[in-house]
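Here's upload23.cif, which has mmCIF, N, CA and C atoms:
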data_input
loop_
_atom_site.group_PDB
_atom_site.id
_atom_site.type_symbol
_atom_site.label_atom_id
_atom_site.label_comp_id
_atom_site.auth_asym_id
_atom_site.auth_seq_id
_atom_site.Cartn_x
_atom_site.Cartn_y
_atom_site.Cartn_z
ATOM 1 N N MET A 929 -37.595 -14.520 -52.294
ATOM 2 C CA MET A 929 -37.852 -13.816 -51.052
ATOM 3 C C MET A 929 -38.233 -14.797 -49.946
ATOM 4 N N VAL A 930 -37.853 -14.474 -48.754
ATOM 5 C CA VAL A 930 -38.154 -15.327 -47.603
ATOM 6 C C VAL A 930 -39.376 -14.752 -46.904
ATOM 7 N N ASP A 931 -40.383 -15.608 -46.701
ATOM 8 C CA ASP A 931 -41.613 -15.157 -46.073
ATOM 9 C C ASP A 931 -41.620 -15.336 -44.571
ATOM 10 N N ARG A 932 -40.693 -16.127 -44.059
ATOM 11 C CA ARG A 932 -40.682 -16.380 -42.618
ATOM 12 C C ARG A 932 -39.384 -15.852 -42.018
ATOM 13 N N PRO A 933 -39.393 -15.536 -40.739
ATOM 14 C CA PRO A 933 -38.163 -15.015 -40.115
ATOM 15 C C PRO A 933 -37.098 -16.093 -39.973
ATOM 16 N N LEU A 934 -35.869 -15.658 -39.865
ATOM 17 C CA LEU A 934 -34.750 -16.583 -39.734
ATOM 18 C C LEU A 934 -34.786 -17.321 -38.401
ATOM 19 N N LEU A 935 -35.098 -16.598 -37.320
ATOM 20 C CA LEU A 935 -35.197 -17.178 -35.983
ATOM 21 C C LEU A 935 -36.591 -16.937 -35.425
ATOM 22 N N SER A 936 -37.029 -17.843 -34.561
ATOM 23 C CA SER A 936 -38.308 -17.622 -33.897
ATOM 24 C C SER A 936 -38.156 -16.532 -32.844
ATOM 25 N N LEU A 937 -39.248 -16.035 -32.353
ATOM 26 C CA LEU A 937 -39.224 -14.988 -31.342
ATOM 27 C C LEU A 937 -38.559 -15.491 -30.068
ATOM 28 N N ARG A 938 -38.817 -16.730 -29.698
ATOM 29 C CA ARG A 938 -38.230 -17.317 -28.494
ATOM 30 C C ARG A 938 -36.714 -17.436 -28.633
ATOM 31 N N SER A 939 -36.234 -17.912 -29.769
ATOM 32 C CA SER A 939 -34.795 -18.031 -29.993
ATOM 33 C C SER A 939 -34.117 -16.668 -29.981
ATOM 34 N N THR A 940 -34.753 -15.688 -30.586
ATOM 35 C CA THR A 940 -34.204 -14.344 -30.596
ATOM 36 C C THR A 940 -34.092 -13.796 -29.187
ATOM 37 N N LEU A 941 -35.103 -14.036 -28.371
ATOM 38 C CA LEU A 941 -35.080 -13.558 -26.992
ATOM 39 C C LEU A 941 -33.986 -14.253 -26.180
ATOM 40 N N VAL A 942 -33.828 -15.552 -26.370
ATOM 41 C CA VAL A 942 -32.788 -16.294 -25.657
ATOM 42 C C VAL A 942 -31.411 -15.758 -26.024
ATOM 43 N N PHE A 943 -31.141 -15.574 -27.316
ATOM 44 C CA PHE A 943 -29.840 -15.071 -27.745
ATOM 45 C C PHE A 943 -29.617 -13.624 -27.325
ATOM 46 N N LEU A 944 -30.671 -12.826 -27.325
ATOM 47 C CA LEU A 944 -30.538 -11.442 -26.887
ATOM 48 C C LEU A 944 -30.194 -11.365 -25.402
ATOM 49 N N LEU A 945 -30.867 -12.142 -24.586
ATOM 50 C CA LEU A 945 -30.578 -12.149 -23.152
ATOM 51 C C LEU A 945 -29.187 -12.703 -22.865
ATOM 52 N N ALA A 946 -28.767 -13.720 -23.602
ATOM 53 C CA ALA A 946 -27.428 -14.277 -23.410
ATOM 54 C C ALA A 946 -26.362 -13.268 -23.817
ATOM 55 N N THR A 947 -26.586 -12.548 -24.903
ATOM 56 C CA THR A 947 -25.647 -11.515 -25.325
ATOM 57 C C THR A 947 -25.558 -10.403 -24.293
ATOM 58 N N LEU A 948 -26.697 -9.998 -23.771
ATOM 59 C CA LEU A 948 -26.721 -8.965 -22.740
ATOM 60 C C LEU A 948 -25.968 -9.413 -21.485
ATOM 61 N N ALA A 949 -26.166 -10.658 -21.086
ATOM 62 C CA ALA A 949 -25.451 -11.183 -19.920
ATOM 63 C C ALA A 949 -23.942 -11.216 -20.180
ATOM 64 N N GLY A 950 -23.531 -11.603 -21.370
ATOM 65 C CA GLY A 950 -22.116 -11.639 -21.705
ATOM 66 C C GLY A 950 -21.485 -10.254 -21.716
ATOM 67 N N VAL A 951 -22.197 -9.275 -22.240
ATOM 68 C CA VAL A 951 -21.683 -7.905 -22.262
ATOM 69 C C VAL A 951 -21.547 -7.364 -20.847
ATOM 70 N N VAL A 952 -22.543 -7.629 -20.008
ATOM 71 C CA VAL A 952 -22.492 -7.139 -18.628
ATOM 72 C C VAL A 952 -21.322 -7.779 -17.869
ATOM 73 N N VAL A 953 -21.164 -9.083 -18.004
ATOM 74 C CA VAL A 953 -20.059 -9.763 -17.310
ATOM 75 C C VAL A 953 -18.714 -9.280 -17.837
ATOM 76 N N GLY A 954 -18.587 -9.116 -19.148
ATOM 77 C CA GLY A 954 -17.337 -8.617 -19.713
ATOM 78 C C GLY A 954 -17.015 -7.207 -19.236
ATOM 79 N N ALA A 955 -18.026 -6.344 -19.187
ATOM 80 C CA ALA A 955 -17.817 -4.972 -18.726
ATOM 81 C C ALA A 955 -17.441 -4.938 -17.246
ATOM 82 N N LEU A 956 -18.123 -5.741 -16.443
ATOM 83 C CA LEU A 956 -17.801 -5.772 -15.017
ATOM 84 C C LEU A 956 -16.408 -6.340 -14.766
ATOM 85 N N THR A 957 -16.017 -7.323 -15.559
ATOM 86 C CA THR A 957 -14.673 -7.881 -15.426
ATOM 87 C C THR A 957 -13.625 -6.839 -15.810
ATOM 88 N N SER A 958 -13.904 -6.086 -16.850
ATOM 89 C CA SER A 958 -12.983 -5.035 -17.266
ATOM 90 C C SER A 958 -12.882 -3.937 -16.209
ATOM 91 N N LEU A 959 -14.008 -3.559 -15.630
ATOM 92 C CA LEU A 959 -14.004 -2.541 -14.575
ATOM 93 C C LEU A 959 -13.304 -3.024 -13.312
ATOM 94 N N ALA A 960 -13.255 -4.328 -13.119
ATOM 95 C CA ALA A 960 -12.579 -4.880 -11.945
ATOM 96 C C ALA A 960 -11.066 -4.841 -12.091
ATOM 97 N N GLY A 961 -10.569 -4.464 -13.266
ATOM 98 C CA GLY A 961 -9.137 -4.306 -13.442
ATOM 99 C C GLY A 961 -8.472 -5.380 -14.271
ATOM 100 N N GLU A 962 -9.247 -6.311 -14.794
ATOM 101 C CA GLU A 962 -8.645 -7.354 -15.644
ATOM 102 C C GLU A 962 -8.354 -6.772 -17.027
ATOM 103 N N ASN A 963 -7.437 -7.405 -17.754
ATOM 104 C CA ASN A 963 -7.121 -6.926 -19.092
ATOM 105 C C ASN A 963 -8.190 -7.371 -20.089
ATOM 106 N N THR A 964 -8.090 -6.878 -21.311
ATOM 107 C CA THR A 964 -9.117 -7.098 -22.328
ATOM 108 C C THR A 964 -9.323 -8.576 -22.671
ATOM 109 N N PRO A 965 -8.268 -9.378 -22.880
ATOM 110 C CA PRO A 965 -8.520 -10.790 -23.194
ATOM 111 C C PRO A 965 -9.262 -11.543 -22.084
ATOM 112 N N HIS A 966 -8.928 -11.249 -20.830
ATOM 113 C CA HIS A 966 -9.644 -11.903 -19.730
ATOM 114 C C HIS A 966 -11.110 -11.470 -19.685
ATOM 115 N N SER A 967 -11.350 -10.201 -19.954
ATOM 116 C CA SER A 967 -12.722 -9.692 -19.954
ATOM 117 C C SER A 967 -13.541 -10.326 -21.080
ATOM 118 N N LEU A 968 -12.922 -10.454 -22.253
ATOM 119 C CA LEU A 968 -13.627 -11.087 -23.376
ATOM 120 C C LEU A 968 -13.926 -12.555 -23.086
ATOM 121 N N LEU A 969 -12.963 -13.262 -22.517
ATOM 122 C CA LEU A 969 -13.198 -14.669 -22.187
ATOM 123 C C LEU A 969 -14.299 -14.824 -21.142
ATOM 124 N N ALA A 970 -14.317 -13.948 -20.159
ATOM 125 C CA ALA A 970 -15.369 -14.016 -19.139
ATOM 126 C C ALA A 970 -16.735 -13.721 -19.748
ATOM 127 N N GLY A 971 -16.795 -12.737 -20.644
ATOM 128 C CA GLY A 971 -18.065 -12.411 -21.303
ATOM 129 C C GLY A 971 -18.556 -13.532 -22.198
ATOM 130 N N LEU A 972 -17.640 -14.134 -22.958
ATOM 131 C CA LEU A 972 -18.030 -15.252 -23.825
ATOM 132 C C LEU A 972 -18.472 -16.467 -23.020
ATOM 133 N N ALA A 973 -17.789 -16.727 -21.921
ATOM 134 C CA ALA A 973 -18.177 -17.860 -21.071
ATOM 135 C C ALA A 973 -19.547 -17.619 -20.451
ATOM 136 N N ALA A 974 -19.796 -16.391 -20.013
ATOM 137 C CA ALA A 974 -21.097 -16.079 -19.424
ATOM 138 C C ALA A 974 -22.205 -16.187 -20.467
ATOM 139 N N ALA A 975 -21.943 -15.725 -21.682
ATOM 140 C CA ALA A 975 -22.948 -15.834 -22.747
ATOM 141 C C ALA A 975 -23.216 -17.296 -23.090
ATOM 142 N N GLY A 976 -22.158 -18.093 -23.126
ATOM 143 C CA GLY A 976 -22.337 -19.519 -23.416
ATOM 144 C C GLY A 976 -23.129 -20.244 -22.346
ATOM 145 N N MET A 977 -22.919 -19.879 -21.097
ATOM 146 C CA MET A 977 -23.671 -20.508 -20.010
ATOM 147 C C MET A 977 -25.097 -19.967 -19.911
ATOM 148 N N ALA A 978 -25.305 -18.749 -20.408
ATOM 149 C CA ALA A 978 -26.624 -18.136 -20.309
ATOM 150 C C ALA A 978 -27.606 -18.699 -21.331
ATOM 151 N N VAL A 979 -27.119 -19.179 -22.461
ATOM 152 C CA VAL A 979 -28.029 -19.709 -23.493
ATOM 153 C C VAL A 979 -28.862 -20.879 -22.968
ATOM 154 N N PRO A 980 -28.265 -21.943 -22.407
ATOM 155 C CA PRO A 980 -29.111 -23.025 -21.890
ATOM 156 C C PRO A 980 -29.972 -22.592 -20.698
ATOM 157 N N PHE A 981 -29.438 -21.665 -19.888
ATOM 158 C CA PHE A 981 -30.212 -21.186 -18.738
ATOM 159 C C PHE A 981 -31.489 -20.490 -19.195
ATOM 160 N N PHE A 982 -31.357 -19.512 -20.097
ATOM 161 C CA PHE A 982 -32.541 -18.794 -20.567
ATOM 162 C C PHE A 982 -33.433 -19.676 -21.424
ATOM 163 N N ASN A 983 -32.853 -20.628 -22.138
ATOM 164 C CA ASN A 983 -33.653 -21.567 -22.924
ATOM 165 C C ASN A 983 -34.567 -22.386 -22.018
ATOM 166 N N ARG A 984 -34.006 -22.899 -20.924
ATOM 167 C CA ARG A 984 -34.805 -23.663 -19.964
ATOM 168 C C ARG A 984 -35.794 -22.780 -19.222
ATOM 169 N N LEU A 985 -35.361 -21.574 -18.880
ATOM 170 C CA LEU A 985 -36.215 -20.653 -18.133
ATOM 171 C C LEU A 985 -37.443 -20.260 -18.939
ATOM 172 N N ILE A 986 -37.254 -19.917 -20.186
ATOM 173 C CA ILE A 986 -38.384 -19.508 -21.027
ATOM 174 C C ILE A 986 -39.246 -20.706 -21.380
ATOM 175 N N ASP A 987 -38.647 -21.873 -21.613
ATOM 176 C CA ASP A 987 -39.412 -23.069 -21.944
ATOM 177 C C ASP A 987 -40.262 -23.527 -20.765
ATOM 178 N N SER A 988 -39.722 -23.495 -19.556
ATOM 179 C CA SER A 988 -40.486 -23.951 -18.400
ATOM 180 C C SER A 988 -41.652 -23.012 -18.123
ATOM 181 N N ASP A 989 -41.483 -21.729 -18.415
ATOM 182 C CA ASP A 989 -42.572 -20.777 -18.227
ATOM 183 C C ASP A 989 -43.689 -21.031 -19.230
ATOM 184 N N ALA A 990 -43.327 -21.387 -20.467
ATOM 185 C CA ALA A 990 -44.334 -21.626 -21.503
ATOM 186 C C ALA A 990 -45.100 -22.923 -21.234
ATOM 187 N N THR A 991 -44.431 -23.961 -20.753
ATOM 188 C CA THR A 991 -45.123 -25.217 -20.516
ATOM 189 C C THR A 991 -46.021 -25.129 -19.287
ATOM 190 N N ALA A 992 -45.700 -24.256 -18.344
ATOM 191 C CA ALA A 992 -46.543 -24.107 -17.164
ATOM 192 C C ALA A 992 -47.859 -23.434 -17.508
ATOM 193 N N MET A 993 -47.899 -22.667 -18.587
ATOM 194 C CA MET A 993 -49.100 -21.925 -18.945
ATOM 195 C C MET A 993 -50.000 -22.691 -19.908
ATOM 196 N N ARG A 994 -49.527 -23.813 -20.450
ATOM 197 C CA ARG A 994 -50.342 -24.580 -21.389
ATOM 198 C C ARG A 994 -51.478 -25.287 -20.660
ATOM 199 N N PRO A 995 -52.657 -25.263 -21.238
ATOM 200 C CA PRO A 995 -53.762 -25.988 -20.590
ATOM 201 C C PRO A 995 -53.576 -27.488 -20.717
ATOM 202 N N SER A 996 -54.126 -28.204 -19.787
ATOM 203 C CA SER A 996 -54.036 -29.655 -19.807
ATOM 204 C C SER A 996 -54.919 -30.211 -20.909
ATOM 205 N N GLY A 997 -54.479 -31.284 -21.500
ATOM 206 C CA GLY A 997 -55.257 -31.934 -22.542
ATOM 207 C C GLY A 997 -56.317 -32.844 -21.937
ATOM 208 N N PRO A 998 -57.161 -33.441 -22.778
ATOM 209 C CA PRO A 998 -58.220 -34.316 -22.271
ATOM 210 C C PRO A 998 -57.698 -35.614 -21.675
ATOM 211 N N SER A 999 -56.410 -35.933 -21.890
ATOM 212 C CA SER A 999 -55.879 -37.178 -21.349
ATOM 213 C C SER A 999 -55.503 -37.067 -19.878
ATOM 214 N N SER A 1000 -55.488 -35.841 -19.339
ATOM 215 C CA SER A 1000 -55.132 -35.700 -17.931
ATOM 216 C C SER A 1000 -56.305 -36.120 -17.058
ATOM 217 N N PRO A 1001 -56.029 -36.603 -15.860
ATOM 218 C CA PRO A 1001 -57.102 -37.084 -14.994
ATOM 219 C C PRO A 1001 -58.053 -35.958 -14.598
ATOM 220 N N GLY A 1002 -59.312 -36.273 -14.681
ATOM 221 C CA GLY A 1002 -60.335 -35.336 -14.248
ATOM 222 C C GLY A 1002 -60.767 -34.355 -15.310
ATOM 223 N N MET A 1003 -60.179 -34.388 -16.497
ATOM 224 C CA MET A 1003 -60.516 -33.413 -17.529
ATOM 225 C C MET A 1003 -61.395 -34.003 -18.631
ATOM 226 N N GLY A 1004 -61.572 -35.297 -18.665
ATOM 227 C CA GLY A 1004 -62.358 -35.913 -19.720
ATOM 228 C C GLY A 1004 -63.845 -35.834 -19.417
ATOM 229 N N GLU A 1005 -64.636 -36.279 -20.397
ATOM 230 C CA GLU A 1005 -66.072 -36.306 -20.171
ATOM 231 C C GLU A 1005 -66.426 -37.534 -19.363
ATOM 232 N N GLY A 1006 -66.917 -37.339 -18.235
ATOM 233 C CA GLY A 1006 -67.305 -38.413 -17.355
ATOM 234 C C GLY A 1006 -68.604 -38.046 -16.673
ATOM 235 N N GLU A 1007 -68.937 -38.790 -15.656
ATOM 236 C CA GLU A 1007 -70.200 -38.514 -14.989
ATOM 237 C C GLU A 1007 -70.187 -37.184 -14.245
ATOM 238 N N ASN A 1008 -69.013 -36.675 -13.856
ATOM 239 C CA ASN A 1008 -68.951 -35.411 -13.141
ATOM 240 C C ASN A 1008 -68.712 -34.215 -14.059
ATOM 241 N N ASN A 1009 -68.321 -34.458 -15.310
ATOM 242 C CA ASN A 1009 -67.974 -33.368 -16.211
ATOM 243 C C ASN A 1009 -69.025 -33.101 -17.270
ATOM 244 N N GLY A 1010 -70.129 -33.704 -17.225
ATOM 245 C CA GLY A 1010 -71.184 -33.311 -18.096
ATOM 246 C C GLY A 1010 -71.538 -34.213 -19.176
#
Step by step, read the file and then write its structure as structure tokens.
Amino acid sequence: MVDRPLLSLRSTLVFLLATLAGVVVGALTSLAGENTPHSLLAGLAAAGMAVPFFNRLIDSDATAMRPSGPSSPGMGEGENNG
């Protein structure tokens, strides 16, 4: 039995958002009058481009919320910090 999930929550979210973007682009391309192969190619291309975009977007949000470590200036114990 496997005790841990196959993908992390972050990876699952990135792939879910990329899939959603690909489906939306494919559907909009189909509604615009293109045939099925063109719509599928547009959806797959959008999903492929969305993976690195959402990966960077979610990663940059997580790193912005991390507290600074003691090595950053002004955060160590000094005469002003106690």
Take atom C of Leu937 (chain A) and CA of Asp987 (chain A) and report the distance between them in Å, one decimal.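 These two atoms are separated by 11.1 Å.
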Name the residues in contact with region 938-946 of chain A at a cut-off of 8 Å, using only C-alpha atoms, excluding same-chain residues fewer than 4 positions from it; report them as a PyMOL selection string. chain A and resi 950+974-976+978-979+982-983+986
Near-Leu972 (chain A) list (8 Å; only N, CA and C atoms; drop same-chain fewer than 6 positions) as a ChimeraX atom specification: /A:949-951,953-954,966,978
Hey, can you check how far atom N of Arg984 (chain A) sits from atom N of Gly971 (chain A)?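 Going from atom N of Arg984 (chain A) over to atom N of Gly971 (chain A), I get 20.0 Å.
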Quote the spacing between atom C of Ala973 (chain A) and CA of Pro933 (chain A) in Å to one decimal place. 27.2 Å
